[in-house]
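Below is final-v1.cif, which holds mmCIF, C-alpha atoms.
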```cif
data_data
loop_
_atom_site.label_atom_id
_atom_site.label_comp_id
_atom_site.auth_asym_id
_atom_site.auth_seq_id
_atom_site.Cartn_x
_atom_site.Cartn_y
_atom_site.Cartn_z
CA MET A 1 104.61 103.20 75.05
CA SER A 2 101.45 101.20 74.53
CA ARG A 3 100.92 98.20 76.75
CA ILE A 4 99.43 96.24 73.82
CA TYR A 5 101.36 95.11 70.75
CA ARG A 6 99.07 95.88 67.82
CA LYS A 7 101.37 94.02 65.43
CA LEU A 8 103.98 91.30 65.77
CA PRO A 9 106.55 92.14 68.48
CA PRO A 10 110.18 92.47 67.34
CA LYS A 11 112.10 89.27 66.63
CA GLY A 12 113.61 87.81 69.78
CA THR A 13 110.84 89.15 72.05
CA ARG A 14 110.11 86.73 74.87
CA VAL A 15 106.38 85.97 74.93
CA GLY A 16 104.66 83.87 77.59
CA LEU A 17 101.80 81.92 76.08
CA ALA A 18 98.91 80.46 78.07
CA PHE A 19 99.03 77.02 76.48
CA SER A 20 96.05 74.65 76.54
CA GLY A 21 97.39 72.13 74.05
CA GLY A 22 94.46 72.80 71.73
CA LEU A 23 94.77 73.58 68.05
CA ASP A 24 94.73 77.37 68.58
CA THR A 25 97.62 77.41 71.05
CA ARG A 26 99.66 74.83 69.13
CA ALA A 27 99.29 76.93 65.98
CA ALA A 28 100.17 80.11 67.93
CA VAL A 29 103.42 78.57 69.21
CA ALA A 30 104.43 77.36 65.74
CA TRP A 31 103.55 80.66 64.05
CA MET A 32 105.29 82.89 66.61
CA ASN A 33 108.35 80.64 66.56
CA GLU A 34 108.42 80.87 62.75
CA LYS A 35 108.32 84.68 63.04
CA GLY A 36 111.31 84.76 65.41
CA ILE A 37 109.44 85.22 68.69
CA GLU A 38 110.89 83.38 71.69
CA VAL A 39 107.86 81.50 73.02
CA HIS A 40 107.66 80.28 76.61
CA SER A 41 104.53 78.25 77.27
CA TYR A 42 102.62 77.94 80.53
CA THR A 43 99.85 75.44 81.21
CA GLY A 44 97.65 75.78 84.29
CA ASP A 45 96.56 72.62 86.11
CA LEU A 46 93.17 73.32 87.67
CA GLY A 47 92.52 69.66 88.46
CA GLN A 48 89.99 69.32 85.67
CA PRO A 49 88.58 65.79 85.51
CA ASP A 50 88.37 65.84 81.70
CA GLU A 51 92.17 65.90 81.36
CA LYS A 52 93.48 62.34 81.57
CA ASP A 53 97.09 63.43 82.10
CA VAL A 54 97.78 67.15 82.20
CA THR A 55 101.54 66.46 82.20
CA GLU A 56 101.21 65.46 78.53
CA ILE A 57 100.24 69.01 77.52
CA PRO A 58 103.49 71.04 78.00
CA PRO A 59 105.64 68.75 75.81
CA GLN A 60 103.29 69.55 72.92
CA ALA A 61 104.40 73.19 73.14
CA LEU A 62 108.04 72.11 72.86
CA GLU A 63 107.17 69.98 69.83
CA HIS A 64 105.74 73.08 68.14
CA GLY A 65 108.74 75.32 68.87
CA ALA A 66 108.40 76.73 72.40
CA LYS A 67 111.72 77.37 74.11
CA THR A 68 110.33 76.31 77.49
CA ALA A 69 107.10 74.70 78.68
CA ARG A 70 105.96 74.81 82.30
CA LEU A 71 103.04 73.16 84.06
CA ILE A 72 101.73 75.43 86.82
CA ASP A 73 99.83 73.81 89.71
CA CYS A 74 96.71 75.94 90.21
CA ARG A 75 94.61 73.34 92.03
CA GLU A 76 94.86 74.71 95.57
CA ALA A 77 94.09 78.27 94.44
CA MET A 78 91.11 77.00 92.43
CA VAL A 79 89.74 75.18 95.47
CA ARG A 80 90.15 78.29 97.65
CA GLU A 81 88.42 80.55 95.11
CA GLY A 82 85.71 77.96 94.45
CA ILE A 83 84.87 77.62 98.14
CA VAL A 84 84.59 81.39 98.51
CA ALA A 85 82.30 81.55 95.45
CA ILE A 86 80.09 78.78 96.84
CA GLN A 87 79.92 80.47 100.24
CA CYS A 88 78.86 83.71 98.57
CA GLY A 89 76.39 82.04 96.22
CA ALA A 90 78.32 83.55 93.32
CA PHE A 91 77.89 82.24 89.80
CA HIS A 92 74.83 80.23 90.83
CA LEU A 93 72.96 79.27 87.68
CA ALA A 94 70.12 76.98 86.72
CA VAL A 95 69.82 75.38 83.32
CA GLY A 96 67.03 72.96 82.53
CA GLY A 97 65.98 73.03 86.17
CA ARG A 98 69.42 71.88 87.37
CA LYS A 99 71.55 74.13 89.58
CA TYR A 100 75.29 74.45 89.16
CA PHE A 101 78.16 76.84 89.82
CA ASN A 102 79.79 78.39 86.76
CA THR A 103 83.46 78.36 87.69
CA THR A 104 84.90 79.28 84.29
CA PRO A 105 85.49 82.95 85.24
CA LEU A 106 87.21 81.80 88.44
CA GLY A 107 89.38 79.41 86.47
CA ARG A 108 90.50 82.24 84.18
CA ALA A 109 91.45 84.42 87.16
CA VAL A 110 93.33 81.63 88.92
CA THR A 111 95.11 80.45 85.78
CA THR A 112 96.11 83.91 84.59
CA THR A 113 97.46 85.14 87.91
CA ALA A 114 99.48 81.94 88.39
CA ILE A 115 100.86 82.03 84.85
CA VAL A 116 101.82 85.70 85.00
CA ARG A 117 103.58 85.12 88.34
CA ALA A 118 105.55 82.26 86.75
CA MET A 119 106.34 84.42 83.73
CA ARG A 120 107.66 87.14 86.01
CA GLU A 121 109.93 84.59 87.73
CA ASP A 122 111.23 83.65 84.28
CA GLY A 123 111.78 87.25 83.18
CA VAL A 124 109.02 87.07 80.56
CA ASN A 125 106.93 90.24 80.46
CA VAL A 126 104.81 89.85 77.31
CA PHE A 127 101.63 87.79 77.63
CA GLY A 128 99.86 86.00 74.81
CA ASP A 129 96.89 83.67 75.05
CA GLY A 130 96.41 82.07 71.64
CA SER A 131 92.64 82.56 71.83
CA THR A 132 90.43 83.05 68.81
CA HIS A 133 88.97 86.26 70.30
CA LYS A 134 85.41 84.94 70.04
CA GLY A 135 84.47 85.46 73.68
CA ASN A 136 85.39 87.64 76.61
CA ASP A 137 88.18 85.41 77.95
CA ILE A 138 90.78 87.68 76.43
CA GLN A 139 89.57 90.58 78.59
CA ARG A 140 89.81 88.43 81.71
CA PHE A 141 93.33 87.27 80.82
CA TYR A 142 94.60 90.78 80.26
CA ARG A 143 92.97 92.42 83.27
CA TYR A 144 94.10 89.77 85.74
CA GLY A 145 97.57 89.66 84.21
CA ILE A 146 98.12 93.39 84.57
CA LEU A 147 97.00 93.23 88.20
CA VAL A 148 99.79 90.73 88.93
CA ASN A 149 102.47 92.45 86.84
CA PRO A 150 101.83 96.14 86.09
CA GLU A 151 104.78 96.09 83.65
CA LEU A 152 103.13 93.33 81.60
CA ARG A 153 102.74 93.90 77.89
CA ILE A 154 100.10 92.12 75.86
CA TYR A 155 100.37 90.41 72.50
#
```
What does this structure look like when you write it as C-alpha coordinates?
Amino acid sequence: MSRIYRKLPPKGTRVGLAFSGGLDTRAAVAWMNEKGIEVHSYTGDLGQPDEKDVTEIPPQALEHGAKTARLIDCREAMVREGIVAIQCGAFHLAVGGRKYFNTTPLGRAVTTTAIVRAMREDGVNVFGDGSTHKGNDIQRFYRYGILVNPELRIY
(Lines of atoms letter the chains of each structure in order from A and count residues from 1; the text may use other names and numbers.)
(Lines give C-alpha, C1' and ligand atoms only; values in the text may rest on other atoms or scores of the structure.)
Protein backbone atom coordinates (compact mmCIF):
# COMPACT_ATOMS: atom_id res chain seq x y z
CA MET A 1 0.00 0.00 0.00
CA SER A 2 1.36 3.39 -0.96
CA ARG A 3 1.80 5.92 1.79
CA ILE A 4 0.64 8.72 -0.54
CA TYR A 5 -2.88 9.08 -1.93
CA ARG A 6 -2.40 9.97 -5.59
CA LYS A 7 -6.11 10.68 -5.99
CA LEU A 8 -8.95 11.60 -3.66
CA PRO A 9 -9.15 9.23 -0.66
CA PRO A 10 -12.38 7.23 -0.29
CA LYS A 11 -15.43 9.05 1.07
CA GLY A 12 -15.46 9.11 4.85
CA THR A 13 -11.65 9.11 5.15
CA ARG A 14 -10.53 11.18 8.12
CA VAL A 15 -7.95 13.73 6.95
CA GLY A 16 -6.04 16.05 9.27
CA LEU A 17 -5.40 19.37 7.57
CA ALA A 18 -2.71 21.84 8.63
CA PHE A 19 -4.96 24.90 8.60
CA SER A 20 -3.56 28.44 8.33
CA GLY A 21 -6.84 30.20 7.70
CA GLY A 22 -5.60 31.43 4.34
CA LEU A 23 -7.48 31.08 1.09
CA ASP A 24 -5.73 27.82 0.13
CA THR A 25 -6.60 25.98 3.34
CA ARG A 26 -10.15 27.37 3.50
CA ALA A 27 -10.73 26.18 -0.06
CA ALA A 28 -9.17 22.78 0.75
CA VAL A 29 -11.54 22.26 3.69
CA ALA A 30 -14.60 23.20 1.63
CA TRP A 31 -13.57 21.07 -1.35
CA MET A 32 -12.69 17.97 0.67
CA ASN A 33 -15.90 18.30 2.68
CA GLU A 34 -17.87 18.56 -0.57
CA LYS A 35 -16.20 15.34 -1.77
CA GLY A 36 -17.19 13.43 1.38
CA ILE A 37 -13.86 13.59 3.22
CA GLU A 38 -14.07 14.02 7.00
CA VAL A 39 -11.79 17.01 7.59
CA HIS A 40 -10.19 17.68 10.97
CA SER A 41 -8.24 20.93 11.02
CA TYR A 42 -5.18 21.76 13.11
CA THR A 43 -3.67 25.22 13.49
CA GLY A 44 -0.24 25.66 15.06
CA ASP A 45 0.34 28.68 17.32
CA LEU A 46 4.01 29.62 17.01
CA GLY A 47 3.54 32.96 18.76
CA GLN A 48 3.85 34.91 15.53
CA PRO A 49 3.49 38.65 16.13
CA ASP A 50 1.65 39.19 12.83
CA GLU A 51 -1.38 37.23 14.05
CA LYS A 52 -3.62 39.56 16.05
CA ASP A 53 -5.66 36.72 17.55
CA VAL A 54 -4.72 33.19 16.54
CA THR A 55 -7.84 31.85 18.30
CA GLU A 56 -9.91 33.33 15.45
CA ILE A 57 -8.36 30.94 12.91
CA PRO A 58 -9.80 27.49 13.87
CA PRO A 59 -13.46 28.61 13.74
CA GLN A 60 -12.90 29.50 10.07
CA ALA A 61 -12.25 25.82 9.36
CA LEU A 62 -15.56 24.90 10.98
CA GLU A 63 -17.31 27.54 8.88
CA HIS A 64 -15.95 25.86 5.74
CA GLY A 65 -16.99 22.33 6.73
CA ALA A 66 -14.33 20.86 9.04
CA LYS A 67 -15.70 18.39 11.57
CA THR A 68 -13.26 19.57 14.24
CA ALA A 69 -10.80 22.45 14.54
CA ARG A 70 -7.97 22.48 17.07
CA LEU A 71 -5.45 25.15 17.99
CA ILE A 72 -2.13 23.55 18.94
CA ASP A 73 0.22 25.52 21.20
CA CYS A 74 3.67 25.26 19.59
CA ARG A 75 5.23 28.31 21.24
CA GLU A 76 7.44 26.57 23.80
CA ALA A 77 8.77 24.09 21.24
CA MET A 78 9.49 26.95 18.82
CA VAL A 79 11.44 28.81 21.49
CA ARG A 80 13.47 25.68 22.34
CA GLU A 81 14.30 24.98 18.69
CA GLY A 82 15.02 28.65 18.00
CA ILE A 83 17.48 28.90 20.89
CA VAL A 84 19.33 25.80 19.70
CA ALA A 85 19.50 27.23 16.16
CA ILE A 86 20.86 30.53 17.45
CA GLN A 87 23.43 28.75 19.62
CA CYS A 88 24.58 26.76 16.60
CA GLY A 89 24.58 29.74 14.25
CA ALA A 90 22.16 27.84 12.04
CA PHE A 91 20.12 29.63 9.39
CA HIS A 92 22.22 32.77 9.77
CA LEU A 93 21.62 34.94 6.74
CA ALA A 94 22.39 38.46 5.63
CA VAL A 95 20.22 40.41 3.24
CA GLY A 96 20.99 44.00 2.36
CA GLY A 97 23.75 44.01 4.97
CA ARG A 98 21.34 43.07 7.78
CA LYS A 99 21.74 39.79 9.65
CA TYR A 100 18.79 37.65 10.68
CA PHE A 101 17.87 34.06 11.51
CA ASN A 102 15.61 32.31 9.02
CA THR A 103 13.30 30.33 11.29
CA THR A 104 10.77 29.24 8.67
CA PRO A 105 12.21 25.70 8.35
CA LEU A 106 12.16 25.39 12.15
CA GLY A 107 8.57 26.55 12.24
CA ARG A 108 7.58 23.87 9.73
CA ALA A 109 9.26 21.15 11.80
CA VAL A 110 7.71 22.33 15.06
CA THR A 111 4.24 22.81 13.57
CA THR A 112 4.17 19.52 11.70
CA THR A 113 5.37 17.36 14.58
CA ALA A 114 2.87 18.98 16.97
CA ILE A 115 -0.01 18.65 14.51
CA VAL A 116 0.74 15.02 13.68
CA ARG A 117 0.94 14.17 17.40
CA ALA A 118 -2.48 15.80 17.91
CA MET A 119 -3.85 13.94 14.89
CA ARG A 120 -2.61 10.67 16.33
CA GLU A 121 -4.39 11.45 19.62
CA ASP A 122 -7.57 12.02 17.59
CA GLY A 123 -7.20 8.82 15.57
CA VAL A 124 -6.56 10.72 12.33
CA ASN A 125 -3.82 9.12 10.24
CA VAL A 126 -4.02 10.94 6.89
CA PHE A 127 -2.22 14.28 6.65
CA GLY A 128 -3.05 17.07 4.23
CA ASP A 129 -1.56 20.54 4.10
CA GLY A 130 -3.60 22.57 1.63
CA SER A 131 -0.46 24.07 0.11
CA THR A 132 -0.19 25.18 -3.50
CA HIS A 133 2.92 23.01 -4.01
CA LYS A 134 4.99 25.99 -5.17
CA GLY A 135 7.83 25.57 -2.69
CA ASN A 136 9.51 22.87 -0.65
CA ASP A 137 7.25 23.16 2.41
CA ILE A 138 5.33 20.09 1.34
CA GLN A 139 8.50 17.97 1.60
CA ARG A 140 9.15 19.28 5.10
CA PHE A 141 5.57 18.58 6.18
CA TYR A 142 5.64 15.01 4.94
CA ARG A 143 9.09 14.07 6.21
CA TYR A 144 8.53 15.43 9.71
CA GLY A 145 5.04 13.94 9.85
CA ILE A 146 6.23 10.45 9.00
CA LEU A 147 8.95 10.69 11.66
CA VAL A 148 6.27 11.29 14.31
CA ASN A 149 3.78 8.72 13.00
CA PRO A 150 5.27 6.01 10.75
CA GLU A 151 1.72 4.85 9.91
CA LEU A 152 0.84 8.30 8.54
CA ARG A 153 -0.61 8.49 5.06
CA ILE A 154 -0.35 11.62 2.95
CA TYR A 155 -2.98 13.36 0.88
Legend entry - Given the PyMOL selection byres ((chain A and resi 107) around 9), the residues it picks as a VMD selection string: chain A and resid 46 74 78 81 to 82 103 to 106 108 to 112
Inset, instruction - Work out how far apart atom CA of Asp137 of chain A and atom CA of Gly97 of chain A are and give it in Å to one decimal. - result: 26.7 Å
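Computed from the coordinates, the atom CA of Gly44 of chain A to atom CA of Arg14 of chain A distance equals 19.1 Å.
Of the residues under consideration (A:Arg120, A:Lys7, A:Ala85, A:Ala114), A:Ala85 shows the shortest atom-to-atom contact distance to Asn102 of chain A when counting only C-alpha atoms.
For the set A:Ala61, A:Val54, A:Leu8, A:Ala77, the residue with the smallest atom-to-atom gap to Ala27 of chain A is A:Ala61, counting all atoms listed in the file.
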Legend entry - Residue nearest Leu147 of chain A among A:Thr113, A:Ala118, A:Glu34, A:Ile4 (counting all atoms listed in the file):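 Among the listed residues, A:Thr113 lies closest to Leu147 of chain A.
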Inset, instruction - Give the answer as one residue: which of A:Leu71, A:Leu62, A:Met119, A:Met32 has the shortest atom-to-atom distance to Asp45 of chain A, using only C-alpha atoms? - result: A:Leu71
Inset, instruction - Return the single residue from A:Glu63, A:Glu56, A:Glu121, A:Glu51 that is closest to Asn33 of chain A, with distances computed using all atoms listed in the file. - result: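 The shortest atom-to-atom distance to Asn33 of chain A comes from A:Glu63.
Put simply, atom CA of Tyr142 of chain A is 9.1 Å away from atom CA of Asp129 of chain A.
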Given the PyMOL selection byres ((chain A and resi 28) around 10) and the file above, list the residues it selects as a PDB file with C-alpha atoms, keeping the file's coordinate frame.
```pdb
ATOM      1  CA  LEU A  17     101.800  81.920  76.080  1.00  0.00           C
ATOM      2  CA  PHE A  19      99.030  77.020  76.480  1.00  0.00           C
ATOM      3  CA  LEU A  23      94.770  73.580  68.050  1.00  0.00           C
ATOM      4  CA  ASP A  24      94.730  77.370  68.580  1.00  0.00           C
ATOM      5  CA  THR A  25      97.620  77.410  71.050  1.00  0.00           C
ATOM      6  CA  ARG A  26      99.660  74.830  69.130  1.00  0.00           C
ATOM      7  CA  ALA A  27      99.290  76.930  65.980  1.00  0.00           C
ATOM      8  CA  VAL A  29     103.420  78.570  69.210  1.00  0.00           C
ATOM      9  CA  ALA A  30     104.430  77.360  65.740  1.00  0.00           C
ATOM     10  CA  TRP A  31     103.550  80.660  64.050  1.00  0.00           C
ATOM     11  CA  MET A  32     105.290  82.890  66.610  1.00  0.00           C
ATOM     12  CA  ASN A  33     108.350  80.640  66.560  1.00  0.00           C
ATOM     13  CA  GLU A  34     108.420  80.870  62.750  1.00  0.00           C
ATOM     14  CA  VAL A  39     107.860  81.500  73.020  1.00  0.00           C
ATOM     15  CA  ALA A  61     104.400  73.190  73.140  1.00  0.00           C
ATOM     16  CA  HIS A  64     105.740  73.080  68.140  1.00  0.00           C
ATOM     17  CA  GLY A  65     108.740  75.320  68.870  1.00  0.00           C
ATOM     18  CA  ALA A  66     108.400  76.730  72.400  1.00  0.00           C
ATOM     19  CA  GLY A 128      99.860  86.000  74.810  1.00  0.00           C
ATOM     20  CA  ASP A 129      96.890  83.670  75.050  1.00  0.00           C
ATOM     21  CA  GLY A 130      96.410  82.070  71.640  1.00  0.00           C
ATOM     22  CA  SER A 131      92.640  82.560  71.830  1.00  0.00           C
TER      23      SER A 131
END
```
How big is the axis-aligned box around all listed atoms of segment 27-43 of chain A once 6 Å goes on each side, and where's its centre, in Å to one decimal, as lines of an AutoDock Vina configuration file?
```
center_x = 105.3
center_y = 80.3
center_z = 72.0
size_x = 24.0
size_y = 21.8
size_z = 30.5
```
Inset, instruction - For the structure shown, which residues end up in the PyMOL selection byres ((chain A and resi 151) around 9)? Put them as number ranges by chain, please? - result: A: 3, 125-126, 146, 149-150, 152-153
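Considering the residues A:Val15, A:Leu93, A:Val116, A:Ile138 and counting all atoms listed in the file, Lys67 of chain A has its shortest atom-to-atom contact with A:Val15.
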